[in-house]
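**Student:** The structure follows.
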Number of protein chains: 2
Amino acid sequence: METDVGAARCRDGKFDLIRAFVGEGEELPSGIVLGPGDDGAVLEGGWVISTDLAVEDVHFRRGWLTDEEIGYRAAAAALSDLAAMAAEPVGVLVSAAVATDGRVDVADVQSGVRAAAASVGARVIGGDLSRSPGPLFLDLVVLGRTERPVSRAGARPGDELWVSGTLGTGAAALRAWDRGEDPLPALRLRFARPVPRVALAGDLAAAGVPRAMVDLSDGLAGDAGHIAAASGAGIVIEETSVPVDPDARAVLGDAEALEAALRGGEDFELCFTAEPGTVEVETLQQRHSVRLTRVGRVTRDGGVLLEDAAGRRRPVDRGGYDHWSET
Amino acid sequence: METDVGAARCRDGKFDLIRAFVGEGEELPSGIVLGPGDDGAVLEGGWVISTDLAVEDVHFRRGWLTDEEIGYRAAAAALSDLAAMAAEPVGVLVSAAVATDGRVDVADVQSGVRAAAASVGARVIGGDLSRSPGPLFLDLVVLGRTERPVSRAGARPGDELWVSGTLGTGAAALRAWDRGEDPLPALRLRFARPVPRVALAGDLAAAGVPRAMVDLSDGLAGDAGHIAAASGAGIVIEETSVPVDPDARAVLGDAEALEAALRGGEDFELCFTAEPGTVEVETLQQRHSVRLTRVGRVTRDGGVLLEDAAGRRRPVDRGGYDHWSET
């Protein structure tokens with residue numbers, strides 16, 4: 001995708017811009033173990049930190065969600081980045097800019113943030129608050145700990161590619177709202193209250209299973225592409241294996257629901273690679289009440305390919321929902 | 001001050017609201033050494049983290065500053081919170097929501113953030129980027145380290161109250177812009193490029209001097225009030241000792257410049273208490289090219305009092321510039 005932003009012309013939306021902010025290629029400061037380009041930064045002492053924006057009319061509309069749900073979803077989305085690193089959430093800092101016209105109930109937003117944090121054993125430990133000249137802005141900073149962070153960079157050729165849960169939910173809910181309808185209750189609930197897969201990620205990491213892991217915020221194709229790029233490998237996604245949300249199929253139809261799973265955004269499920277035979281599917285599914293699906297494999301060659309039932313492969317547009325360049 | 005925000009009625013502007021976010025009185029999560037209510041949270045391992053919003057038309061107007069200066073000032077303001085804890089800055093995460101109409105040059109904002117970070121030895125290590133439906137929104141997360149964080153809570157009766165630099169600068173610059181004029185060059189520069197007093201704070205803390213410390217973001221009266229409240233003590237500010245910026249006097253007149261120093265905001269100087277005789281004024285002033293002034297003392301009784309040249313005391317409105325409730 002091409003975006004023109006002032007003097008900065010960017011080929012890959014916000015990713016290039018964030019890299020520019022960070023100054024990729026420069027040495028990491030002392031005390032920073034893993035820097036930009038992953039779901040979070042890792043500090044000495046096993047701390048993981050990540051930050052995630054939620055902006056009115058970009059990430060959500062106030063007609064879709066209650067103020068409590070806006071806070072919940074924003075915090076859950078941020079906490080999902082800690083799951084992606086296999087970190088245990090500890091603290092949340094919430095910066096909020098809110099119009100003072102009484103349109104938004106800060107106490108309700110705050111309740112949602114606190115509830116999402118509590119759902120994974122974390123607490124709000126600070127933040128900042130400002131007026132906003134209009135839109136509601138939230139920036140959620142999440143802090144977690146892990147002794148073995150899982151990065152995006154460890155995938156090896158021959159690994160299997162796995163995802164948790166079902167995909168396409170977020171895109172289907174958005175579609176319903178775009179049509180002026182209410183999403184099916186199950187879709188709406190999953191949109192309003194995503195489950196950060198913290199416990200599943202912790203179990204997987206404790207068993208040394210994931211070699212590379214991300215959370216699905218940019219669609220399976222986009223996020224698999226992040227693993228492939230960071231690992232210097234390729235990924236083949238098996239089209240017929242992708243666990244498309246049945247409710248998303250009902251709303252979007254089969255073809256578009258698959259597209260939503262591949263290129264939609266913000267399903268907040270885990271996507272990881274693992275050596276064949278190492279994922280204890282039954283045990284994990286039962287313990288965490290979530291489906292685990294092998295959806296592809298890691299290859300030697302770069303890029304992400306989509307393979308159909310007949311074994312034909314085609315390149316897949318990594319796309320991904322981009323809150324920077326989408327309008 | 002009284003603010004009505006949705007269901008939350010608040011007596012003390014944003015401070016009460018942030019406390020409500022945090023759930024004051026609850027136990028701190030494991031690994032968090034010092035929680036909300038100070039300039040930053042302290043994590044095991046000596047990490048200090050703080051977050052600071054900069055919102056267009058609330059904290060700045062784009063006509064006042066270049067995009068580079070907007071980034072610089074936002075980052076310097078956040079880094080000042082690390083100075084207040086006597087922490088050495090390490091990393092900055094910057095979350096930015098920016099309109100994609102080309103009005104704001106993200107690359108310039110980014111240069112400013114990076115320059116401010118570099119000025120105190122820190123680096124940008126991550127962040128998030130989003131479209132904004134209008135205003136420019138920045139949230140700066142700063143990470144530092146210290147073996148001996150200085151909190152707001154250690155002031156003891158008999159301590160002296162000290163400030164670095166001169167005060168009232170920010171308010172004077174704002175006044176000039178409000179009148180449609182350009183501020184004097186020196187005022188403008190100090191507004192656009194505040195100096196986080198990191199090195200001074202480090203020297204002071206290494207010598208064990210500050211018993212309580214804040215940075216001046218809410219005016220001397222407001223921030224001294226924070227120290228008094230956190231320390232369970234009182235503070236007397238000696239009116240004739242307050243180091244009012246001479247340029248601010250020129251713009252505002254003597255009386256209003258004093259008010260600006262006491263109740264204006266965002267001078268980003270240090271304010272600390274110390275046992276009498278422990279501040280090595282000459283050495284520190286020369287080493288850090290900044291004035292140090294004893295402006296008052298800590299007393300047993302609560303509250304902040306202003307004492308005039310004749311020794312008459314009067315209560316001082318803690319006020320402070322509040323980006324939440326000011327309009």
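Labels used: A, B, ... for chains in the order of the structure tokens, numbers from 1 for residues in each chain, and numbers from 1 for ligands as shown.
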Extract, using only C-alpha atoms, all DNA, RNA and protein residues at most 7 Å from range 204-219 of chain B, discarding same-chain residues fewer than 4 positions from it, and format them as a count of residues only.
**Tutor:** 33
**Student:** Near range 122-127 of chain B, within 6 Å and counting only C-alpha atoms, which residues show up once chain neighbours fewer than 3 positions away are dropped, as an NGL selection string?
**Tutor:** (:A and (22 or 35-36 or 51)) or (:B and (89-95 or 117-118))
**Student:** Would you save the residues from that selection as an mmCIF file, in the first residue's frame, using N, CA and C atoms?
**Tutor:**
data_model
loop_
_atom_site.group_PDB
_atom_site.id
_atom_site.type_symbol
_atom_site.label_atom_id
_atom_site.label_comp_id
_atom_site.auth_asym_id
_atom_site.auth_seq_id
_atom_site.Cartn_x
_atom_site.Cartn_y
_atom_site.Cartn_z
ATOM 1 N N VAL A 22 11.764 4.822 14.989
ATOM 2 C CA VAL A 22 12.640 4.098 15.876
ATOM 3 C C VAL A 22 14.086 4.189 15.429
ATOM 4 N N GLY A 35 14.252 -4.985 20.761
ATOM 5 C CA GLY A 35 13.739 -3.656 20.478
ATOM 6 C C GLY A 35 12.549 -3.655 19.561
ATOM 7 N N PRO A 36 12.454 -2.619 18.769
ATOM 8 C CA PRO A 36 11.290 -2.419 17.918
ATOM 9 C C PRO A 36 11.167 -3.502 16.858
ATOM 10 N N THR A 51 2.716 -0.720 23.418
ATOM 11 C CA THR A 51 1.766 0.388 23.453
ATOM 12 C C THR A 51 0.836 0.305 22.253
ATOM 13 N N PRO B 89 17.172 8.280 31.726
ATOM 14 C CA PRO B 89 16.343 7.880 30.586
ATOM 15 C C PRO B 89 17.036 6.824 29.722
ATOM 16 N N VAL B 90 16.277 5.826 29.297
ATOM 17 C CA VAL B 90 16.801 4.766 28.434
ATOM 18 C C VAL B 90 16.037 4.728 27.117
ATOM 19 N N GLY B 91 14.724 4.584 27.195
ATOM 20 C CA GLY B 91 13.938 4.387 25.978
ATOM 21 C C GLY B 91 12.667 5.215 25.973
ATOM 22 N N VAL B 92 12.195 5.497 24.772
ATOM 23 C CA VAL B 92 10.949 6.234 24.581
ATOM 24 C C VAL B 92 10.081 5.447 23.608
ATOM 25 N N LEU B 93 8.803 5.294 23.938
ATOM 26 C CA LEU B 93 7.834 4.765 22.984
ATOM 27 C C LEU B 93 6.885 5.894 22.630
ATOM 28 N N VAL B 94 6.642 6.073 21.343
ATOM 29 C CA VAL B 94 5.800 7.192 20.943
ATOM 30 C C VAL B 94 4.590 6.688 20.163
ATOM 31 N N SER B 95 3.424 6.974 20.712
ATOM 32 C CA SER B 95 2.179 6.668 20.015
ATOM 33 C C SER B 95 1.656 7.958 19.416
ATOM 34 N N ALA B 117 15.008 12.790 22.909
ATOM 35 C CA ALA B 117 15.490 11.568 23.552
ATOM 36 C C ALA B 117 17.020 11.558 23.560
ATOM 37 N N ALA B 118 17.606 11.875 22.417
ATOM 38 C CA ALA B 118 19.067 11.855 22.313
ATOM 39 C C ALA B 118 19.710 12.866 23.258
#
**Student:** Please list as number ranges by chain every residue within 6 Å of Ala171 in chain A, counting only C-alpha atoms and excluding residues in the same chain fewer than 2 positions away.
**Tutor:** A: 168-169, 173-174, 260, 264
**Student:** Take the residues from that selection and put them in a file with all heavy atoms, as a PDB file, in the first residue's frame.
**Tutor:**
ATOM      1  N   GLY A 168     -11.891 -13.881  11.284  1.00  0.00           N
ATOM      2  CA  GLY A 168     -12.827 -13.139  10.428  1.00  0.00           C
ATOM      3  C   GLY A 168     -13.920 -12.442  11.223  1.00  0.00           C
ATOM      4  O   GLY A 168     -14.750 -11.724  10.658  1.00  0.00           O
ATOM      5  N   THR A 169     -13.893 -12.650  12.535  1.00  0.00           N
ATOM      6  CA  THR A 169     -14.937 -12.120  13.410  1.00  0.00           C
ATOM      7  C   THR A 169     -15.006 -10.599  13.366  1.00  0.00           C
ATOM      8  O   THR A 169     -16.077 -10.009  13.193  1.00  0.00           O
ATOM      9  CB  THR A 169     -14.634 -12.539  14.862  1.00  0.00           C
ATOM     10  OG1 THR A 169     -14.290 -13.915  14.857  1.00  0.00           O
ATOM     11  CG2 THR A 169     -15.825 -12.297  15.748  1.00  0.00           C
ATOM     12  N   ALA A 173     -18.145  -8.250  12.055  1.00  0.00           N
ATOM     13  CA  ALA A 173     -18.877  -7.317  12.916  1.00  0.00           C
ATOM     14  C   ALA A 173     -18.873  -5.920  12.290  1.00  0.00           C
ATOM     15  O   ALA A 173     -19.905  -5.238  12.246  1.00  0.00           O
ATOM     16  CB  ALA A 173     -18.251  -7.278  14.313  1.00  0.00           C
ATOM     17  N   LEU A 174     -17.710  -5.513  11.785  1.00  0.00           N
ATOM     18  CA  LEU A 174     -17.616  -4.191  11.153  1.00  0.00           C
ATOM     19  C   LEU A 174     -18.553  -4.080   9.954  1.00  0.00           C
ATOM     20  O   LEU A 174     -19.207  -3.060   9.737  1.00  0.00           O
ATOM     21  CB  LEU A 174     -16.173  -3.932  10.698  1.00  0.00           C
ATOM     22  CG  LEU A 174     -15.140  -3.717  11.802  1.00  0.00           C
ATOM     23  CD1 LEU A 174     -13.747  -3.572  11.214  1.00  0.00           C
ATOM     24  CD2 LEU A 174     -15.487  -2.475  12.635  1.00  0.00           C
ATOM     25  N   ALA A 260     -11.669 -12.132   4.858  1.00  0.00           N
ATOM     26  CA  ALA A 260     -11.650 -11.419   6.136  1.00  0.00           C
ATOM     27  C   ALA A 260     -10.667 -12.077   7.102  1.00  0.00           C
ATOM     28  O   ALA A 260      -9.948 -11.403   7.835  1.00  0.00           O
ATOM     29  CB  ALA A 260     -13.045 -11.365   6.740  1.00  0.00           C
ATOM     30  N   GLY A 264      -8.456  -9.364   6.992  1.00  0.00           N
ATOM     31  CA  GLY A 264      -9.178  -8.507   7.934  1.00  0.00           C
ATOM     32  C   GLY A 264      -8.268  -8.245   9.112  1.00  0.00           C
ATOM     33  O   GLY A 264      -7.101  -8.636   9.113  1.00  0.00           O
TER      34      GLY A 264
END
**Student:** Show which residues sit within 6 Å of range 240-254 of chain A, as a list in words. Count only C-alpha atoms, and ignore same-chain residues fewer than 2 positions away.
**Tutor:** Thr166, Leu167, Gly168, Thr169, Ala172, Glu238, Glu256, Ala257 and Val295 of chain A
**Student:** Could you pull out the residues in range 34-206 of chain B that DSSP calls strand (DSSP E) from the backbone, as a PyMOL selection string?
**Tutor:** chain B and resi 34+41-43+47-55+88-98+123-131+137-145+160-164
**Student:** Output N, CA and C atoms for every residue in the selection just made, as a CSV table (one decimal), in the first residue's frame.
**Tutor:**
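What follows is the written file again-v3.csv:
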chain,number,residue,atom,x,y,z
B,34,LEU,N,6.7,0.9,43.1
B,34,LEU,CA,6.0,2.2,43.5
B,34,LEU,C,5.0,2.4,42.4
B,41,ALA,N,5.9,5.2,37.6
B,41,ALA,CA,5.8,3.9,38.4
B,41,ALA,C,7.2,3.3,38.4
B,42,VAL,N,7.5,2.6,39.5
B,42,VAL,CA,8.8,2.0,39.6
B,42,VAL,C,8.6,0.5,39.6
B,43,LEU,N,9.4,-0.2,38.7
B,43,LEU,CA,9.3,-1.7,38.5
B,43,LEU,C,10.5,-2.3,39.2
B,47,TRP,N,13.5,-0.1,37.0
B,47,TRP,CA,12.9,0.6,35.8
B,47,TRP,C,11.9,1.6,36.3
B,48,VAL,N,11.8,2.7,35.7
B,48,VAL,CA,10.8,3.7,36.0
B,48,VAL,C,10.1,4.0,34.7
B,49,ILE,N,8.8,4.0,34.7
B,49,ILE,CA,8.0,4.3,33.5
B,49,ILE,C,7.0,5.4,33.8
B,50,SER,N,6.8,6.2,32.8
B,50,SER,CA,5.8,7.3,32.9
B,50,SER,C,5.2,7.5,31.5
B,51,THR,N,4.0,8.1,31.5
B,51,THR,CA,3.4,8.3,30.2
B,51,THR,C,2.8,9.7,30.2
B,52,ASP,N,2.8,10.4,29.1
B,52,ASP,CA,2.5,11.8,29.0
B,52,ASP,C,1.9,12.2,27.7
B,53,LEU,N,0.7,12.7,27.8
B,53,LEU,CA,-0.1,13.1,26.6
B,53,LEU,C,0.3,14.5,26.1
B,54,ALA,N,0.3,14.7,24.8
B,54,ALA,CA,0.4,16.0,24.1
B,54,ALA,C,-0.7,16.0,23.0
B,55,VAL,N,-1.7,16.9,23.2
B,55,VAL,CA,-2.9,16.9,22.3
B,55,VAL,C,-3.0,18.3,21.7
B,88,GLU,N,17.6,7.6,35.1
B,88,GLU,CA,18.3,7.9,33.8
B,88,GLU,C,17.5,7.4,32.6
B,89,PRO,N,17.2,8.3,31.7
B,89,PRO,CA,16.3,7.9,30.6
B,89,PRO,C,17.0,6.8,29.7
B,90,VAL,N,16.3,5.8,29.3
B,90,VAL,CA,16.8,4.8,28.4
B,90,VAL,C,16.0,4.7,27.1
B,91,GLY,N,14.7,4.6,27.2
B,91,GLY,CA,13.9,4.4,26.0
B,91,GLY,C,12.7,5.2,26.0
B,92,VAL,N,12.2,5.5,24.8
B,92,VAL,CA,10.9,6.2,24.6
B,92,VAL,C,10.1,5.4,23.6
B,93,LEU,N,8.8,5.3,23.9
B,93,LEU,CA,7.8,4.8,23.0
B,93,LEU,C,6.9,5.9,22.6
B,94,VAL,N,6.6,6.1,21.3
B,94,VAL,CA,5.8,7.2,20.9
B,94,VAL,C,4.6,6.7,20.2
B,95,SER,N,3.4,7.0,20.7
B,95,SER,CA,2.2,6.7,20.0
B,95,SER,C,1.7,8.0,19.4
B,96,ALA,N,1.4,7.9,18.1
B,96,ALA,CA,1.0,9.1,17.4
B,96,ALA,C,-0.3,8.8,16.6
B,97,ALA,N,-1.3,9.7,16.7
B,97,ALA,CA,-2.4,9.7,15.8
B,97,ALA,C,-2.4,11.0,15.1
B,98,VAL,N,-2.4,10.8,13.7
B,98,VAL,CA,-2.1,11.9,12.9
B,98,VAL,C,-3.1,11.9,11.7
B,123,ARG,N,16.8,6.5,23.6
B,123,ARG,CA,16.5,6.2,22.2
B,123,ARG,C,15.0,5.8,22.1
B,124,VAL,N,14.4,6.1,20.9
B,124,VAL,CA,13.1,5.6,20.7
B,124,VAL,C,13.1,4.1,20.4
B,125,ILE,N,12.4,3.3,21.1
B,125,ILE,CA,12.4,1.9,21.0
B,125,ILE,C,11.1,1.3,20.6
B,126,GLY,N,10.1,2.1,20.3
B,126,GLY,CA,8.9,1.5,19.8
B,126,GLY,C,7.8,2.5,19.8
B,127,GLY,N,6.6,2.0,19.5
B,127,GLY,CA,5.4,3.0,19.5
B,127,GLY,C,4.3,2.4,18.7
B,128,ASP,N,3.3,3.3,18.5
B,128,ASP,CA,2.2,2.9,17.6
B,128,ASP,C,1.8,4.1,16.8
B,129,LEU,N,1.2,3.9,15.7
B,129,LEU,CA,0.8,5.0,14.8
B,129,LEU,C,-0.6,4.7,14.2
B,130,SER,N,-1.4,5.7,14.2
B,130,SER,CA,-2.7,5.6,13.7
B,130,SER,C,-3.1,6.9,13.0
B,131,ARG,N,-4.1,6.7,12.1
B,131,ARG,CA,-4.7,7.9,11.6
B,131,ARG,C,-5.4,8.7,12.8
B,137,PHE,N,-2.4,13.8,18.0
B,137,PHE,CA,-2.4,13.3,19.4
B,137,PHE,C,-1.1,12.5,19.6
B,138,LEU,N,-0.4,12.8,20.6
B,138,LEU,CA,0.9,12.1,20.9
B,138,LEU,C,0.8,11.6,22.3
B,139,ASP,N,1.2,10.4,22.5
B,139,ASP,CA,1.4,9.9,23.9
B,139,ASP,C,2.8,9.4,24.0
B,140,LEU,N,3.6,9.9,24.9
B,140,LEU,CA,5.0,9.6,25.0
B,140,LEU,C,5.2,8.7,26.3
B,141,VAL,N,5.7,7.5,26.1
B,141,VAL,CA,6.0,6.7,27.2
B,141,VAL,C,7.5,6.6,27.4
B,142,VAL,N,8.0,7.0,28.6
B,142,VAL,CA,9.4,7.0,28.8
B,142,VAL,C,9.8,6.0,29.8
B,143,LEU,N,10.9,5.4,29.6
B,143,LEU,CA,11.5,4.3,30.4
B,143,LEU,C,12.9,4.8,30.9
B,144,GLY,N,13.1,4.7,32.2
B,144,GLY,CA,14.4,5.0,32.7
B,144,GLY,C,14.8,4.0,33.8
B,145,ARG,N,16.0,4.2,34.3
B,145,ARG,CA,16.4,3.3,35.4
B,145,ARG,C,17.1,4.1,36.5
B,160,GLU,N,14.5,22.3,53.4
B,160,GLU,CA,14.3,23.4,52.5
B,160,GLU,C,13.6,23.0,51.2
B,161,LEU,N,12.9,24.0,50.6
B,161,LEU,CA,12.3,23.7,49.3
B,161,LEU,C,13.1,24.4,48.2
B,162,TRP,N,13.5,23.7,47.2
B,162,TRP,CA,14.4,24.2,46.1
B,162,TRP,C,13.7,24.1,44.8
B,163,VAL,N,14.1,25.0,43.9
B,163,VAL,CA,13.7,24.8,42.5
B,163,VAL,C,14.9,25.1,41.6
B,164,SER,N,14.9,24.4,40.4
B,164,SER,CA,16.0,24.8,39.4
B,164,SER,C,15.4,25.8,38.4
**Student:** DSSP on the backbone, then: every residue of range 246-319 of chain B marked helix (DSSP H, G or I), written as a list of chain:residue names.
**Tutor:** B:Pro246, B:Asp247, B:Ala248, B:Arg249, B:Ala250, B:Val251, B:Leu252, B:Asp254, B:Ala255, B:Glu256, B:Ala257, B:Leu258, B:Glu259, B:Ala260, B:Ala261, B:Leu262, B:Arg263, B:Val281, B:Glu282, B:Thr283, B:Leu284, B:Gln285, B:Gln286, B:Arg287, B:His288
**Student:** Could you please take those selected residues and save C-alpha atoms as a compact mmCIF listing (two decimals), in the first residue's frame?
**Tutor:**
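Output file out-v6.txt is given in full below:
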# COMPACT_ATOMS: atom_id res chain seq x y z
CA PRO B 246 12.80 38.08 33.80
CA ASP B 247 11.39 37.69 30.30
CA ALA B 248 8.10 36.57 31.84
CA ARG B 249 8.12 39.73 34.01
CA ALA B 250 8.65 41.80 30.87
CA VAL B 251 5.65 40.21 29.18
CA LEU B 252 3.27 39.83 32.09
CA ASP B 254 5.59 41.53 38.14
CA ALA B 255 2.36 40.45 39.81
CA GLU B 256 1.10 38.30 36.98
CA ALA B 257 4.52 36.78 36.34
CA LEU B 258 4.60 35.64 39.97
CA GLU B 259 1.14 34.15 39.53
CA ALA B 260 2.39 32.37 36.41
CA ALA B 261 5.32 30.92 38.35
CA LEU B 262 3.03 29.73 41.13
CA ARG B 263 0.02 28.58 39.17
CA VAL B 281 24.62 25.33 45.11
CA GLU B 282 27.73 26.76 43.45
CA THR B 283 29.10 23.45 42.22
CA LEU B 284 25.77 22.25 40.84
CA GLN B 285 24.92 25.59 39.20
CA GLN B 286 28.23 25.65 37.38
CA ARG B 287 28.19 22.02 36.37
CA HIS B 288 24.64 22.12 35.01
**Student:** So which residues touch Gly158 in chain B within 12 Å, counting only C-alpha atoms, skipping near sequence neighbours fewer than 2 positions away, as an mmCIF file with N, CA, C and O atoms, in the first residue's frame?
**Tutor:**
data_model
loop_
_atom_site.group_PDB
_atom_site.id
_atom_site.type_symbol
_atom_site.label_atom_id
_atom_site.label_comp_id
_atom_site.auth_asym_id
_atom_site.auth_seq_id
_atom_site.Cartn_x
_atom_site.Cartn_y
_atom_site.Cartn_z
ATOM 1 N N ALA B 155 9.412 14.317 52.028
ATOM 2 C CA ALA B 155 9.714 15.619 52.644
ATOM 3 C C ALA B 155 9.487 15.578 54.152
ATOM 4 O O ALA B 155 8.524 14.979 54.627
ATOM 5 N N ARG B 156 10.408 16.230 54.912
ATOM 6 C CA ARG B 156 10.263 16.277 56.373
ATOM 7 C C ARG B 156 10.238 17.725 56.853
ATOM 8 O O ARG B 156 10.933 18.576 56.281
ATOM 9 N N GLU B 160 14.452 22.299 53.430
ATOM 10 C CA GLU B 160 14.325 23.444 52.530
ATOM 11 C C GLU B 160 13.626 23.004 51.238
ATOM 12 O O GLU B 160 13.741 21.849 50.832
ATOM 13 N N LEU B 161 12.944 23.962 50.604
ATOM 14 C CA LEU B 161 12.313 23.700 49.300
ATOM 15 C C LEU B 161 13.130 24.412 48.228
ATOM 16 O O LEU B 161 13.377 25.620 48.341
ATOM 17 N N ARG B 211 14.942 14.737 49.316
ATOM 18 C CA ARG B 211 14.100 13.829 50.103
ATOM 19 C C ARG B 211 12.772 13.603 49.412
ATOM 20 O O ARG B 211 12.142 12.569 49.566
ATOM 21 N N ALA B 233 2.881 16.681 55.031
ATOM 22 C CA ALA B 233 3.520 17.850 55.636
ATOM 23 C C ALA B 233 2.912 19.117 55.057
ATOM 24 O O ALA B 233 1.985 19.059 54.244
ATOM 25 N N GLY B 234 3.416 20.262 55.493
ATOM 26 C CA GLY B 234 3.021 21.527 54.912
ATOM 27 C C GLY B 234 4.204 22.151 54.202
ATOM 28 O O GLY B 234 5.347 21.705 54.360
ATOM 29 N N ILE B 235 3.948 23.171 53.385
ATOM 30 C CA ILE B 235 5.039 23.861 52.706
ATOM 31 C C ILE B 235 4.764 25.362 52.738
ATOM 32 O O ILE B 235 3.635 25.797 52.494
ATOM 33 N N VAL B 236 5.783 26.138 53.092
ATOM 34 C CA VAL B 236 5.707 27.595 53.006
ATOM 35 C C VAL B 236 6.584 28.039 51.839
ATOM 36 O O VAL B 236 7.775 27.716 51.793
ATOM 37 N N THR B 273 12.840 18.890 48.024
ATOM 38 C CA THR B 273 13.138 19.301 49.399
ATOM 39 C C THR B 273 14.439 18.628 49.814
ATOM 40 O O THR B 273 14.787 17.551 49.343
ATOM 41 N N ALA B 274 15.181 19.312 50.701
ATOM 42 C CA ALA B 274 16.487 18.812 51.140
ATOM 43 C C ALA B 274 16.769 19.300 52.552
ATOM 44 O O ALA B 274 16.318 20.380 52.952
ATOM 45 N N GLU B 275 17.508 18.514 53.267
ATOM 46 C CA GLU B 275 17.952 18.939 54.594
ATOM 47 C C GLU B 275 18.782 20.219 54.435
ATOM 48 O O GLU B 275 19.602 20.303 53.508
ATOM 49 N N PRO B 276 18.601 21.211 55.312
ATOM 50 C CA PRO B 276 19.364 22.464 55.180
ATOM 51 C C PRO B 276 20.867 22.202 55.112
ATOM 52 O O PRO B 276 21.395 21.371 55.855
ATOM 53 N N GLY B 277 21.515 22.892 54.195
ATOM 54 C CA GLY B 277 22.962 22.800 54.088
ATOM 55 C C GLY B 277 23.477 21.693 53.190
ATOM 56 O O GLY B 277 24.676 21.557 52.984
ATOM 57 N N GLY B 296 11.623 28.096 49.826
ATOM 58 C CA GLY B 296 10.702 27.914 50.945
ATOM 59 C C GLY B 296 11.152 26.795 51.846
ATOM 60 O O GLY B 296 12.330 26.389 51.819
ATOM 61 N N ARG B 297 10.214 26.304 52.645
ATOM 62 C CA ARG B 297 10.574 25.275 53.610
ATOM 63 C C ARG B 297 9.367 24.385 53.896
ATOM 64 O O ARG B 297 8.213 24.765 53.663
ATOM 65 N N VAL B 298 9.696 23.224 54.418
ATOM 66 C CA VAL B 298 8.666 22.246 54.761
ATOM 67 C C VAL B 298 8.286 22.436 56.217
ATOM 68 O O VAL B 298 9.160 22.610 57.078
ATOM 69 N N THR B 299 6.987 22.419 56.477
ATOM 70 C CA THR B 299 6.489 22.618 57.848
ATOM 71 C C THR B 299 5.684 21.390 58.281
ATOM 72 O O THR B 299 5.434 20.487 57.486
ATOM 73 N N ARG B 300 5.319 21.425 59.554
ATOM 74 C CA ARG B 300 4.600 20.280 60.094
ATOM 75 C C ARG B 300 3.146 20.244 59.602
ATOM 76 O O ARG B 300 2.597 19.184 59.337
ATOM 77 N N ASP B 301 2.555 21.453 59.501
ATOM 78 C CA ASP B 301 1.128 21.507 59.167
ATOM 79 C C ASP B 301 0.892 21.328 57.672
ATOM 80 O O ASP B 301 1.733 21.697 56.854
#
**Student:** Rank A:Gly71, A:Pro194, A:Gly222, A:Gly102 by their smallest atom-to-atom distance to chain B, using only C-alpha atoms, and report the top residue only.
**Tutor:**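 Among the listed residues, the smallest separation from chain B belongs to A:Gly102.
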**Student:** Applying 12 Å and only C-alpha atoms, which residues near Phe60 in chain A remain after dropping the ones on its own chain fewer than 2 positions away? List them as number ranges by chain.
**Tutor:** A: 53-58, 62-67, 69-71, 73-74, 135-138, 170, 173-174, 177-178, 191-192, 266, 323; B: 132-133
